[in-house]
>>> print(open('target-v8.pdb').read())   # PDB, C-alpha atoms and all ligand atoms
ATOM      1  CA  PRO A  24       4.363 -22.561  -7.586
ATOM      2  CA  GLU A  25       5.501 -21.556 -11.065
ATOM      3  CA  ALA A  26       6.249 -17.867 -11.379
ATOM      4  CA  ASN A  27       3.383 -17.144 -13.752
ATOM      5  CA  LYS A  28       0.802 -19.242 -11.942
ATOM      6  CA  GLY A  29       1.112 -17.839  -8.475
ATOM      7  CA  TYR A  30      -0.785 -19.357  -5.582
ATOM      8  CA  SER A  31      -3.997 -21.307  -5.867
ATOM      9  CA  TYR A  32      -7.155 -20.429  -3.990
ATOM     10  CA  GLU A  33      -6.436 -23.449  -1.783
ATOM     11  CA  ASP A  34      -2.912 -22.163  -0.970
ATOM     12  CA  CYS A  35      -4.378 -18.813   0.087
ATOM     13  CA  LYS A  36      -7.136 -20.521   2.086
ATOM     14  CA  ALA A  37      -4.616 -22.701   3.892
ATOM     15  CA  THR A  38      -2.622 -19.644   4.972
ATOM     16  CA  ALA A  39      -5.752 -17.744   6.052
ATOM     17  CA  ASP A  40      -7.050 -20.734   8.024
ATOM     18  CA  TRP A  41      -3.657 -21.194   9.679
ATOM     19  CA  LEU A  42      -3.798 -17.568  10.859
ATOM     20  CA  LEU A  43      -7.444 -17.710  11.942
ATOM     21  CA  ALA A  44      -6.695 -20.742  14.085
ATOM     22  CA  GLN A  45      -4.169 -18.734  16.107
ATOM     23  CA  THR A  46      -6.078 -15.552  16.891
ATOM     24  CA  ASP A  47      -9.607 -14.565  17.882
ATOM     25  CA  VAL A  48      -9.300 -11.264  16.034
ATOM     26  CA  ARG A  49     -11.597 -11.191  12.982
ATOM     27  CA  PRO A  50     -10.340  -8.189  11.031
ATOM     28  CA  THR A  51     -12.565  -6.154   8.706
ATOM     29  CA  VAL A  52      -9.837  -3.613   7.980
ATOM     30  CA  GLY A  53      -6.439  -4.516   6.518
ATOM     31  CA  ILE A  54      -3.594  -2.015   6.635
ATOM     32  CA  VAL A  55      -0.303  -2.031   4.716
ATOM     33  CA  CYS A  56       2.526   0.065   6.158
ATOM     34  CA  GLY A  57       4.996   1.673   3.759
ATOM     35  CA  SER A  58       8.727   2.372   4.241
ATOM     36  CA  GLY A  59       9.284   4.034   7.600
ATOM     37  CA  LEU A  60       5.557   3.936   8.377
ATOM     38  CA  GLY A  61       5.432   0.707  10.375
ATOM     39  CA  GLY A  62       4.408   2.603  13.523
ATOM     40  CA  LEU A  63       0.784   2.160  12.501
ATOM     41  CA  ALA A  64       1.002  -1.486  13.494
ATOM     42  CA  ASP A  65       2.329  -0.529  16.918
ATOM     43  CA  MET A  66      -0.927   1.374  17.597
ATOM     44  CA  LEU A  67      -2.919  -1.874  17.629
ATOM     45  CA  LYS A  68      -4.134  -3.091  21.024
ATOM     46  CA  ASP A  69      -4.158  -6.738  22.172
ATOM     47  CA  GLN A  70      -1.666  -7.678  19.496
ATOM     48  CA  VAL A  71      -1.123 -11.096  18.043
ATOM     49  CA  ALA A  72       1.887 -10.821  15.725
ATOM     50  CA  PHE A  73       3.483 -13.266  13.289
ATOM     51  CA  ASN A  74       6.874 -12.949  11.662
ATOM     52  CA  TYR A  75       6.514 -13.403   7.914
ATOM     53  CA  LYS A  76       9.036 -16.230   8.005
ATOM     54  CA  ASP A  77       6.693 -18.230  10.252
ATOM     55  CA  ILE A  78       3.592 -17.878   8.046
ATOM     56  CA  PRO A  79       3.038 -20.671   5.503
ATOM     57  CA  ASN A  80       3.508 -19.465   1.891
ATOM     58  CA  PHE A  81       4.557 -15.964   2.978
ATOM     59  CA  PRO A  82       7.561 -14.306   1.361
ATOM     60  CA  GLN A  83      10.018 -12.509   3.660
ATOM     61  CA  SER A  84      10.701  -8.804   3.719
ATOM     62  CA  THR A  85      14.261  -7.870   2.796
ATOM     63  CA  VAL A  86      14.213  -4.060   2.856
ATOM     64  CA  HIS A  87      15.714  -1.890   5.579
ATOM     65  CA  GLY A  88      12.834   0.052   7.174
ATOM     66  CA  HIS A  89      10.392  -2.835   6.843
ATOM     67  CA  ALA A  90       9.914  -5.070   9.880
ATOM     68  CA  GLY A  91       8.351  -8.150   8.303
ATOM     69  CA  ARG A  92       5.452  -8.880  10.657
ATOM     70  CA  LEU A  93       1.745  -9.452  10.273
ATOM     71  CA  VAL A  94       0.014  -7.902  13.283
ATOM     72  CA  PHE A  95      -3.574  -8.574  14.367
ATOM     73  CA  GLY A  96      -5.237  -6.358  16.956
ATOM     74  CA  THR A  97      -7.805  -3.643  17.541
ATOM     75  CA  LEU A  98      -7.744   0.050  16.781
ATOM     76  CA  LYS A  99     -10.176   1.804  19.132
ATOM     77  CA  GLY A 100     -12.131  -1.451  19.298
ATOM     78  CA  ARG A 101     -12.094  -2.159  15.544
ATOM     79  CA  PRO A 102     -10.493  -5.482  14.622
ATOM     80  CA  CYS A 103      -7.612  -4.912  12.164
ATOM     81  CA  VAL A 104      -4.747  -6.746  10.549
ATOM     82  CA  CYS A 105      -1.619  -4.856   9.631
ATOM     83  CA  MET A 106       1.310  -5.683   7.375
ATOM     84  CA  GLN A 107       4.393  -4.162   8.934
ATOM     85  CA  GLY A 108       6.555  -4.265   5.858
ATOM     86  CA  ARG A 109       5.511  -5.227   2.332
ATOM     87  CA  PHE A 110       6.986  -6.967  -0.703
ATOM     88  CA  HIS A 111       8.279  -5.206  -3.812
ATOM     89  CA  LEU A 112       8.999  -6.166  -7.406
ATOM     90  CA  TYR A 113      12.624  -5.097  -7.030
ATOM     91  CA  GLU A 114      13.224  -7.735  -4.361
ATOM     92  CA  GLY A 115      12.946 -10.221  -7.183
ATOM     93  CA  TYR A 116       9.713 -11.931  -6.152
ATOM     94  CA  PRO A 117       7.255 -12.990  -8.806
ATOM     95  CA  ILE A 118       4.499 -10.380  -8.901
ATOM     96  CA  GLN A 119       1.878 -12.863  -7.620
ATOM     97  CA  LYS A 120       3.950 -13.377  -4.494
ATOM     98  CA  ILE A 121       4.063  -9.653  -3.778
ATOM     99  CA  THR A 122       0.278  -9.451  -3.747
ATOM    100  CA  LEU A 123      -0.482 -12.755  -1.983
ATOM    101  CA  PRO A 124      -1.223 -10.969   1.329
ATOM    102  CA  MET A 125      -4.188  -9.158  -0.268
ATOM    103  CA  ARG A 126      -5.916 -12.447  -1.036
ATOM    104  CA  ILE A 127      -5.171 -13.640   2.464
ATOM    105  CA  PHE A 128      -6.721 -10.411   3.785
ATOM    106  CA  LYS A 129      -9.824 -11.192   1.744
ATOM    107  CA  LEU A 130     -10.063 -14.735   3.118
ATOM    108  CA  LEU A 131      -9.582 -13.428   6.667
ATOM    109  CA  GLY A 132     -12.746 -11.358   6.200
ATOM    110  CA  VAL A 133     -11.194  -7.964   5.411
ATOM    111  CA  GLU A 134     -13.570  -5.581   3.599
ATOM    112  CA  THR A 135     -11.463  -2.421   3.431
ATOM    113  CA  VAL A 136      -7.750  -2.161   2.658
ATOM    114  CA  MET A 137      -5.746   0.920   3.581
ATOM    115  CA  LEU A 138      -2.301   1.208   2.020
ATOM    116  CA  THR A 139       0.503   3.655   2.724
ATOM    117  CA  ASN A 140       3.758   4.258   0.914
ATOM    118  CA  ALA A 141       6.713   6.617   0.650
ATOM    119  CA  ALA A 142       6.885   8.359  -2.711
ATOM    120  CA  GLY A 143       8.799  10.974  -4.642
ATOM    121  CA  GLY A 144       6.920  14.160  -5.518
ATOM    122  CA  LEU A 145       6.580  15.021  -9.215
ATOM    123  CA  ASN A 146       3.902  17.707  -8.814
ATOM    124  CA  GLN A 147       5.821  20.950  -8.384
ATOM    125  CA  ASP A 148       3.238  22.254  -5.887
ATOM    126  CA  PHE A 149       4.008  19.385  -3.497
ATOM    127  CA  LYS A 150       6.463  19.742  -0.640
ATOM    128  CA  VAL A 151       8.442  17.115   1.219
ATOM    129  CA  GLY A 152       6.234  15.931   4.073
ATOM    130  CA  ASP A 153       2.970  16.334   2.168
ATOM    131  CA  ILE A 154       0.482  13.474   2.470
ATOM    132  CA  MET A 155      -1.143  12.642  -0.874
ATOM    133  CA  ILE A 156      -4.493  10.863  -1.029
ATOM    134  CA  ILE A 157      -4.195   8.595  -4.067
ATOM    135  CA  LYS A 158      -7.115   9.129  -6.438
ATOM    136  CA  ASP A 159      -5.779   7.104  -9.376
ATOM    137  CA  HIS A 160      -2.674   5.336 -10.628
ATOM    138  CA  LEU A 161      -0.389   4.707 -13.596
ATOM    139  CA  ASN A 162       0.709   1.072 -13.683
ATOM    140  CA  MET A 163       3.914   1.221 -15.721
ATOM    141  CA  PRO A 164       4.983  -2.415 -15.153
ATOM    142  CA  GLY A 165       1.467  -3.361 -16.240
ATOM    143  CA  PHE A 166       2.002  -1.642 -19.596
ATOM    144  CA  ALA A 167       4.820  -4.103 -20.173
ATOM    145  CA  GLY A 168       2.713  -7.134 -19.245
ATOM    146  CA  ASN A 169       3.743  -7.336 -15.619
ATOM    147  CA  ASN A 170       0.294  -7.318 -14.019
ATOM    148  CA  PRO A 171      -0.388  -9.343 -10.854
ATOM    149  CA  LEU A 172      -3.480 -10.811 -12.538
ATOM    150  CA  SER A 173      -1.473 -12.251 -15.456
ATOM    151  CA  GLY A 174      -2.008 -15.979 -15.702
ATOM    152  CA  PRO A 175      -5.076 -18.131 -15.190
ATOM    153  CA  ASN A 176      -8.014 -16.423 -13.464
ATOM    154  CA  ASP A 177      -9.790 -18.039 -10.509
ATOM    155  CA  GLU A 178     -13.396 -16.810 -10.488
ATOM    156  CA  ARG A 179     -13.586 -17.448  -6.748
ATOM    157  CA  PHE A 180     -11.452 -14.323  -6.363
ATOM    158  CA  GLY A 181     -12.919 -12.219  -9.170
ATOM    159  CA  VAL A 182     -13.592 -11.682 -12.874
ATOM    160  CA  ARG A 183     -11.081 -12.078 -15.693
ATOM    161  CA  PHE A 184     -11.181  -8.385 -16.689
ATOM    162  CA  PRO A 185     -11.754  -6.277 -13.593
ATOM    163  CA  CYS A 186     -12.661  -2.589 -13.780
ATOM    164  CA  MET A 187     -10.043  -0.164 -12.434
ATOM    165  CA  SER A 188     -11.745   3.195 -13.064
ATOM    166  CA  ASP A 189     -13.256   3.002  -9.580
ATOM    167  CA  ALA A 190     -10.216   1.490  -7.854
ATOM    168  CA  TYR A 191      -9.825   4.188  -5.198
ATOM    169  CA  ASP A 192     -13.001   4.484  -3.135
ATOM    170  CA  ARG A 193     -14.362   8.033  -3.429
ATOM    171  CA  GLU A 194     -16.150   7.970  -0.062
ATOM    172  CA  LEU A 195     -12.916   7.011   1.680
ATOM    173  CA  GLN A 196     -11.063   9.818  -0.119
ATOM    174  CA  GLN A 197     -13.695  12.253   1.140
ATOM    175  CA  LEU A 198     -13.467  10.795   4.631
ATOM    176  CA  ALA A 199      -9.689  11.319   4.560
ATOM    177  CA  MET A 200     -10.160  14.953   3.539
ATOM    178  CA  ASP A 201     -12.738  15.499   6.303
ATOM    179  CA  VAL A 202     -10.651  13.809   8.993
ATOM    180  CA  GLY A 203      -7.523  15.622   7.734
ATOM    181  CA  GLN A 204      -9.270  18.986   8.046
ATOM    182  CA  GLU A 205     -10.474  18.159  11.555
ATOM    183  CA  LEU A 206      -6.977  17.194  12.643
ATOM    184  CA  GLY A 207      -5.563  20.436  11.228
ATOM    185  CA  TYR A 208      -3.645  18.736   8.397
ATOM    186  CA  GLY A 209      -5.168  20.910   5.643
ATOM    187  CA  ASP A 210      -1.855  22.583   4.810
ATOM    188  CA  PHE A 211      -0.116  19.362   3.863
ATOM    189  CA  LEU A 212      -2.945  17.083   2.714
ATOM    190  CA  ARG A 213      -3.099  16.730  -1.090
ATOM    191  CA  GLU A 214      -4.590  14.375  -3.632
ATOM    192  CA  GLY A 215      -3.129  13.026  -6.838
ATOM    193  CA  VAL A 216      -2.086  10.274  -9.208
ATOM    194  CA  TYR A 217       0.514   7.711  -8.094
ATOM    195  CA  CYS A 218       2.792   6.110 -10.661
ATOM    196  CA  VAL A 219       4.456   2.769  -9.915
ATOM    197  CA  LEU A 220       7.793   1.665 -11.403
ATOM    198  CA  GLY A 221       9.707  -1.529 -10.818
ATOM    199  CA  GLY A 222      12.720   0.068  -9.101
ATOM    200  CA  PRO A 223      15.078  -0.328  -7.313
ATOM    201  CA  SER A 224      17.004   2.412  -9.110
ATOM    202  CA  PHE A 225      15.411   5.827  -8.711
ATOM    203  CA  GLU A 226      14.324   7.715 -11.817
ATOM    204  CA  THR A 227      16.507   9.700 -14.152
ATOM    205  CA  ILE A 228      15.680  13.341 -14.746
ATOM    206  CA  ALA A 229      14.252  12.507 -18.178
ATOM    207  CA  GLU A 230      12.072   9.783 -16.650
ATOM    208  CA  CYS A 231      10.717  12.157 -14.008
ATOM    209  CA  ARG A 232       9.864  14.730 -16.659
ATOM    210  CA  MET A 233       8.135  12.092 -18.732
ATOM    211  CA  LEU A 234       6.068  10.776 -15.822
ATOM    212  CA  HIS A 235       5.050  14.278 -14.847
ATOM    213  CA  LYS A 236       3.916  14.997 -18.408
ATOM    214  CA  LEU A 237       1.901  11.770 -18.348
ATOM    215  CA  GLY A 238      -0.095  13.010 -15.373
ATOM    216  CA  ALA A 239       1.685  11.497 -12.377
ATOM    217  CA  ASP A 240       1.898  13.554  -9.177
ATOM    218  CA  ALA A 241       4.045  11.088  -7.262
ATOM    219  CA  VAL A 242       6.261   8.115  -8.099
ATOM    220  CA  GLY A 243       7.079   5.002  -6.117
ATOM    221  CA  MET A 244       7.700   1.261  -6.238
ATOM    222  CA  SER A 245       4.651  -0.283  -4.537
ATOM    223  CA  THR A 246       0.916  -0.217  -3.774
ATOM    224  CA  VAL A 247      -0.542  -0.463  -7.296
ATOM    225  CA  HIS A 248      -0.102  -4.238  -7.523
ATOM    226  CA  GLU A 249      -1.813  -4.676  -4.178
ATOM    227  CA  VAL A 250      -4.629  -2.334  -5.229
ATOM    228  CA  ILE A 251      -5.287  -4.390  -8.374
ATOM    229  CA  ILE A 252      -5.521  -7.653  -6.434
ATOM    230  CA  ALA A 253      -7.619  -6.085  -3.681
ATOM    231  CA  ARG A 254     -10.111  -4.630  -6.194
ATOM    232  CA  HIS A 255     -10.224  -7.854  -8.162
ATOM    233  CA  CYS A 256     -11.594  -9.672  -5.100
ATOM    234  CA  GLY A 257     -13.957  -6.854  -4.172
ATOM    235  CA  MET A 258     -12.328  -5.125  -1.219
ATOM    236  CA  ARG A 259     -12.649  -1.344  -0.849
ATOM    237  CA  VAL A 260      -9.344   0.463  -1.258
ATOM    238  CA  PHE A 261      -7.892   3.609   0.220
ATOM    239  CA  ALA A 262      -4.245   4.622  -0.303
ATOM    240  CA  LEU A 263      -1.922   7.406   0.836
ATOM    241  CA  SER A 264       1.551   8.514  -0.233
ATOM    242  CA  LEU A 265       3.902  10.332   2.065
ATOM    243  CA  ILE A 266       6.001  12.613  -0.136
ATOM    244  CA  THR A 267       9.430  11.879   1.310
ATOM    245  CA  ASN A 268      11.509  13.668  -1.314
ATOM    246  CA  GLN A 269      11.106  15.709  -4.469
ATOM    247  CA  ALA A 270      11.905  13.755  -7.617
ATOM    248  CA  VAL A 271      14.724  15.508  -9.457
ATOM    249  CA  MET A 272      13.293  17.341 -12.469
ATOM    250  CA  ASP A 273      16.086  19.561 -13.775
ATOM    251  CA  TYR A 274      19.740  19.300 -14.627
ATOM    252  CA  ASP A 275      20.818  22.212 -12.365
ATOM    253  CA  SER A 276      19.528  20.469  -9.250
ATOM    254  CA  GLU A 277      21.965  19.341  -6.589
ATOM    255  CA  GLU A 278      19.348  16.962  -5.141
ATOM    256  CA  LYS A 279      19.790  13.204  -5.224
ATOM    257  CA  ALA A 280      17.102  10.689  -4.272
ATOM    258  CA  ASN A 281      18.234   8.386  -1.468
ATOM    259  CA  HIS A 282      16.651   5.874   0.871
ATOM    260  CA  GLU A 283      17.875   7.631   4.039
ATOM    261  CA  GLU A 284      15.952  10.802   3.164
ATOM    262  CA  VAL A 285      12.877   8.651   2.541
ATOM    263  CA  LEU A 286      13.113   7.104   6.015
ATOM    264  CA  GLN A 287      13.933  10.437   7.673
ATOM    265  CA  THR A 288      10.806  12.163   6.315
ATOM    266  CA  GLY A 289       8.792   9.103   7.251
ATOM    267  CA  ARG A 290       9.891   9.472  10.866
ATOM    268  CA  GLN A 291       8.957  13.153  10.951
ATOM    269  CA  ARG A 292       5.462  12.864   9.477
ATOM    270  CA  ALA A 293       4.720   9.316  10.583
ATOM    271  CA  GLN A 294       2.684  10.181  13.659
ATOM    272  CA  GLN A 295       0.351  12.473  11.753
ATOM    273  CA  LEU A 296      -0.096   9.914   9.015
ATOM    274  CA  GLU A 297      -0.825   7.224  11.610
ATOM    275  CA  ARG A 298      -3.360   9.472  13.337
ATOM    276  CA  LEU A 299      -5.111  10.150  10.028
ATOM    277  CA  VAL A 300      -5.396   6.460   9.160
ATOM    278  CA  SER A 301      -6.412   5.342  12.661
ATOM    279  CA  THR A 302      -9.101   8.022  12.926
ATOM    280  CA  MET A 303     -10.450   6.989   9.541
ATOM    281  CA  VAL A 304     -10.603   3.364  10.673
ATOM    282  CA  THR A 305     -12.890   4.268  13.576
ATOM    283  CA  ARG A 306     -15.349   5.895  11.131
ATOM    284  CA  ILE A 307     -15.491   3.253   8.404
ATOM    285  CA  GLU A 308     -18.877   1.549   8.216
ATOM    286  CA  HIS A 309     -19.101  -2.111   7.272
ATOM    287  CA  ASN A 310     -22.233  -4.039   6.411
TER     288      ASN A 310
HETATM  289 CL1  LIG B   1      11.952   9.693  -5.992
HETATM  290  N1  LIG B   1      11.116   7.340  -6.705
HETATM  291  C1  LIG B   1      10.611   6.144  -6.492
HETATM  292  N2  LIG B   1      10.480   5.344  -7.536
HETATM  293  N3  LIG B   1      10.239   5.694  -5.296
HETATM  294  C2  LIG B   1      10.382   6.509  -4.263
HETATM  295  C3  LIG B   1      10.900   7.778  -4.406
HETATM  296  C4  LIG B   1      11.273   8.171  -5.685
HETATM  297  N4  LIG B   1      10.917   8.358  -3.189
HETATM  298  C5  LIG B   1      10.427   7.469  -2.325
HETATM  299  N5  LIG B   1      10.090   6.349  -2.967
END
>>> encode(input="target-v8.pdb", output="structure tokens")
Amino acid sequence: PEANKGYSYEDCKATADWLLAQTDVRPTVGIVCGSGLGGLADMLKDQVAFNYKDIPNFPQSTVHGHAGRLVFGTLKGRPCVCMQGRFHLYEGYPIQKITLPMRIFKLLGVETVMLTNAAGGLNQDFKVGDIMIIKDHLNMPGFAGNNPLSGPNDERFGVRFPCMSDAYDRELQQLAMDVGQELGYGDFLREGVYCVLGGPSFETIAECRMLHKLGADAVGMSTVHEVIIARHCGMRVFALSLITNQAVMDYDSEEKANHEEVLQTGRQRAQQLERLVSTMVTRIEHN
């Protein structure tokens, strides 16, 4: 497909039907695992897994720390589908390709999408290892016209001009807070605004200061595009950032953002993050 046209409804349907023909799992929850957070997929029971390269129309994951598998299974009896590894703008894919899995989720029957990512902390009260419940976003690529909904709109997915002021489901945010308290995560569970940039270079000091002034609590290179497509087609959205490093905010700092630190923090906090998400899944009500 042409870069600005993306995939048709029929393309998405063909991929969804191909998947549905190969598994009995009928997922109502779709999960996207961020960098270093792929362990969530390993928690699924009775797995049926597909490598991205084997799925019709699917892009392949190229980033270290992302496995590149779509895993179906159950989490304490709840049917789920899990992306172990996601696609990013900086890999060079057209933006519609990055978000294609969300439409496939929708056509598989998914009602709630839960996304995780690794992010840099801009809020000075945050510490490395904090888990931030995303309550809102800043879509910087979108300001420059790079929105995954650019191009013709297919009403079978959603309206031309979708609302984004209710993108992050408030009930699910509250559920995360409640479950987090129960699990004893109160000391490192936060909430805030996530800002997406194209990457792959990390931010300059001036850029971090600017983003912080604009109201961002964390910065990363993913999630927002998926959220827009998921909301457009009416799925409920919940998203979490693991603060894997502090974004560098002053010229005296010796800190440097690097991918190894991101993966390292992911490994340390991953189990708690996985427990939070999996416990939430068992309490989500669907109609
Ligand atoms: Cl500091 N910046 C961005 N853009 N993405 C990140 C990050 C920082 N840390 C983890 N992911």
>>> closest_residue(input="target-v8.pdb", among="A:Leu112, A:Val202, A:Leu172, A:Leu138", to="Ser224 (chain A)", atoms="only C-alpha atoms")
A:Leu112
>>> resolve_selection(input="target-v8.pdb", expression="the PyMOL selection byres (((not hetatm)) within 7 of (chain B and resi 1))", output="PyMOL selection string")
chain A and resi 141-144+219-220+222+225-226+242-244+267-270+280+285
>>> resolve_selection(input="target-v8.pdb", expression="the PyMOL selection byres (((chain A and resi 151) around 12) and not hetatm)", output="mmCIF file with C-alpha atoms, keeping the file's coordinate frame")
data_model
loop_
_atom_site.group_PDB
_atom_site.id
_atom_site.type_symbol
_atom_site.label_atom_id
_atom_site.label_comp_id
_atom_site.auth_asym_id
_atom_site.auth_seq_id
_atom_site.Cartn_x
_atom_site.Cartn_y
_atom_site.Cartn_z
ATOM 1 C CA ALA A 141 6.713 6.617 0.650
ATOM 2 C CA ALA A 142 6.885 8.359 -2.711
ATOM 3 C CA GLY A 143 8.799 10.974 -4.642
ATOM 4 C CA GLY A 144 6.920 14.160 -5.518
ATOM 5 C CA LEU A 145 6.580 15.021 -9.215
ATOM 6 C CA ASN A 146 3.902 17.707 -8.814
ATOM 7 C CA GLN A 147 5.821 20.950 -8.384
ATOM 8 C CA ASP A 148 3.238 22.254 -5.887
ATOM 9 C CA PHE A 149 4.008 19.385 -3.497
ATOM 10 C CA LYS A 150 6.463 19.742 -0.640
ATOM 11 C CA GLY A 152 6.234 15.931 4.073
ATOM 12 C CA ASP A 153 2.970 16.334 2.168
ATOM 13 C CA ILE A 154 0.482 13.474 2.470
ATOM 14 C CA MET A 155 -1.143 12.642 -0.874
ATOM 15 C CA PHE A 211 -0.116 19.362 3.863
ATOM 16 C CA LEU A 212 -2.945 17.083 2.714
ATOM 17 C CA ARG A 213 -3.099 16.730 -1.090
ATOM 18 C CA ALA A 241 4.045 11.088 -7.262
ATOM 19 C CA SER A 264 1.551 8.514 -0.233
ATOM 20 C CA LEU A 265 3.902 10.332 2.065
ATOM 21 C CA ILE A 266 6.001 12.613 -0.136
ATOM 22 C CA THR A 267 9.430 11.879 1.310
ATOM 23 C CA ASN A 268 11.509 13.668 -1.314
ATOM 24 C CA GLN A 269 11.106 15.709 -4.469
ATOM 25 C CA ALA A 270 11.905 13.755 -7.617
ATOM 26 C CA GLU A 284 15.952 10.802 3.164
ATOM 27 C CA VAL A 285 12.877 8.651 2.541
ATOM 28 C CA GLN A 287 13.933 10.437 7.673
ATOM 29 C CA THR A 288 10.806 12.163 6.315
ATOM 30 C CA GLY A 289 8.792 9.103 7.251
ATOM 31 C CA GLN A 291 8.957 13.153 10.951
ATOM 32 C CA ARG A 292 5.462 12.864 9.477
#
>>> residues_near_point(input="target-v8.pdb", point="(-12.9, 8.2, -6.6)", cutoff="12 Å", atoms="all atoms listed in the file", output="list in words")
Ile156, Ile157, Lys158, Asp159, His160, Met187, Ser188, Asp189, Ala190, Tyr191, Asp192, Arg193, Glu194, Leu195, Gln196, Gln197, Leu198, Glu214, Gly215, Val216, Arg259, Val260, Phe261 and Ala262 of chain A
>>> write_last_selection(input="target-v8.pdb", atoms="C-alpha atoms", output="PDB file, in the coordinates of the input")
ATOM      1  CA  ILE A 156      -4.493  10.863  -1.029  1.00  0.00           C
ATOM      2  CA  ILE A 157      -4.195   8.595  -4.067  1.00  0.00           C
ATOM      3  CA  LYS A 158      -7.115   9.129  -6.438  1.00  0.00           C
ATOM      4  CA  ASP A 159      -5.779   7.104  -9.376  1.00  0.00           C
ATOM      5  CA  HIS A 160      -2.674   5.336 -10.628  1.00  0.00           C
ATOM      6  CA  MET A 187     -10.043  -0.164 -12.434  1.00  0.00           C
ATOM      7  CA  SER A 188     -11.745   3.195 -13.064  1.00  0.00           C
ATOM      8  CA  ASP A 189     -13.256   3.002  -9.580  1.00  0.00           C
ATOM      9  CA  ALA A 190     -10.216   1.490  -7.854  1.00  0.00           C
ATOM     10  CA  TYR A 191      -9.825   4.188  -5.198  1.00  0.00           C
ATOM     11  CA  ASP A 192     -13.001   4.484  -3.135  1.00  0.00           C
ATOM     12  CA  ARG A 193     -14.362   8.033  -3.429  1.00  0.00           C
ATOM     13  CA  GLU A 194     -16.150   7.970  -0.062  1.00  0.00           C
ATOM     14  CA  LEU A 195     -12.916   7.011   1.680  1.00  0.00           C
ATOM     15  CA  GLN A 196     -11.063   9.818  -0.119  1.00  0.00           C
ATOM     16  CA  GLN A 197     -13.695  12.253   1.140  1.00  0.00           C
ATOM     17  CA  LEU A 198     -13.467  10.795   4.631  1.00  0.00           C
ATOM     18  CA  GLU A 214      -4.590  14.375  -3.632  1.00  0.00           C
ATOM     19  CA  GLY A 215      -3.129  13.026  -6.838  1.00  0.00           C
ATOM     20  CA  VAL A 216      -2.086  10.274  -9.208  1.00  0.00           C
ATOM     21  CA  ARG A 259     -12.649  -1.344  -0.849  1.00  0.00           C
ATOM     22  CA  VAL A 260      -9.344   0.463  -1.258  1.00  0.00           C
ATOM     23  CA  PHE A 261      -7.892   3.609   0.220  1.00  0.00           C
ATOM     24  CA  ALA A 262      -4.245   4.622  -0.303  1.00  0.00           C
TER      25      ALA A 262
END
>>> closest_residue(input="target-v8.pdb", among="A:Thr122, A:Thr46, A:Gln204, A:Gln107", to="Ala253 (chain A)", atoms="only C-alpha atoms")
A:Thr122
>>> atom_distance(input="target-v8.pdb", atom1="CA of Cys256 (chain A)", atom2="CA of Gly203 (chain A)")
28.7 Å
>>> closest_residue(input="target-v8.pdb", among="A:Val55, A:Lys99, A:Leu93, A:Gly61", to="Thr305 (chain A)", atoms="all atoms listed in the file")
A:Lys99
>>> closest_residue(input="target-v8.pdb", among="A:Val271, A:Ala199, A:Ile121, A:Ile228", to="Ser245 (chain A)", atoms="all atoms listed in the file")
A:Ile121
>>> residues_around(input="target-v8.pdb", residues="Gly96 (chain A)", least_positions_apart="5", cutoff="10 Å", atoms="only C-alpha atoms", output="ChimeraX atom specification")
/A:46-50,64-72,101-105
>>> atom_distance(input="target-v8.pdb", atom1="CA of Asp40 (chain A)", atom2="CA of Leu130 (chain A)")
8.3 Å
>>> atom_distance(input="target-v8.pdb", atom1="CA of Leu263 (chain A)", atom2="CA of Glu297 (chain A)")
10.8 Å
>>> resolve_selection(input="target-v8.pdb", expression="the PyMOL selection byres (((chain A and resi 131) around 9) and not hetatm)", output="MDAnalysis selection string")
chainID A and resid 36 39:40 42:43 49:51 126:130 132:133
>>> closest_residue(input="target-v8.pdb", among="A:Leu234, A:Ala229, A:Gly29, A:Leu63", to="Arg290 (chain A)", atoms="all atoms listed in the file")
A:Leu63
>>> closest_residue(input="target-v8.pdb", among="A:Pro171, A:Pro79, A:Gly165, A:Gly91", to="Tyr116 (chain A)", atoms="all atoms listed in the file")
A:Pro171
>>> axis_aligned_box(input="target-v8.pdb", around="region 234-238 of chain A", padding_each_side="3 Å", output="JSON")
{"center_x": 3.0, "center_y": 12.9, "center_z": -16.6, "size_x": 12.2, "size_y": 10.2, "size_z": 9.6}
>>> build_atoms(input="target-v8.pdb", residues="region 204-208 of chain A", atoms="N, CA, C and O atoms", output="compact mmCIF listing (two decimals), in the frame of the given file")
# COMPACT_ATOMS: atom_id res chain seq x y z
N GLN A 204 -8.91 17.61 7.68
CA GLN A 204 -9.27 18.99 8.05
C GLN A 204 -9.47 19.10 9.55
O GLN A 204 -8.97 20.02 10.19
N GLU A 205 -10.21 18.14 10.10
CA GLU A 205 -10.47 18.16 11.56
C GLU A 205 -9.20 18.12 12.38
O GLU A 205 -9.11 18.73 13.43
N LEU A 206 -8.23 17.35 11.90
CA LEU A 206 -6.98 17.19 12.64
C LEU A 206 -6.02 18.36 12.40
O LEU A 206 -4.94 18.41 12.97
N GLY A 207 -6.41 19.28 11.52
CA GLY A 207 -5.56 20.44 11.23
C GLY A 207 -4.45 20.13 10.24
O GLY A 207 -3.40 20.77 10.25
N TYR A 208 -4.67 19.14 9.36
CA TYR A 208 -3.64 18.74 8.40
C TYR A 208 -3.85 19.38 7.02
O TYR A 208 -3.18 19.01 6.06
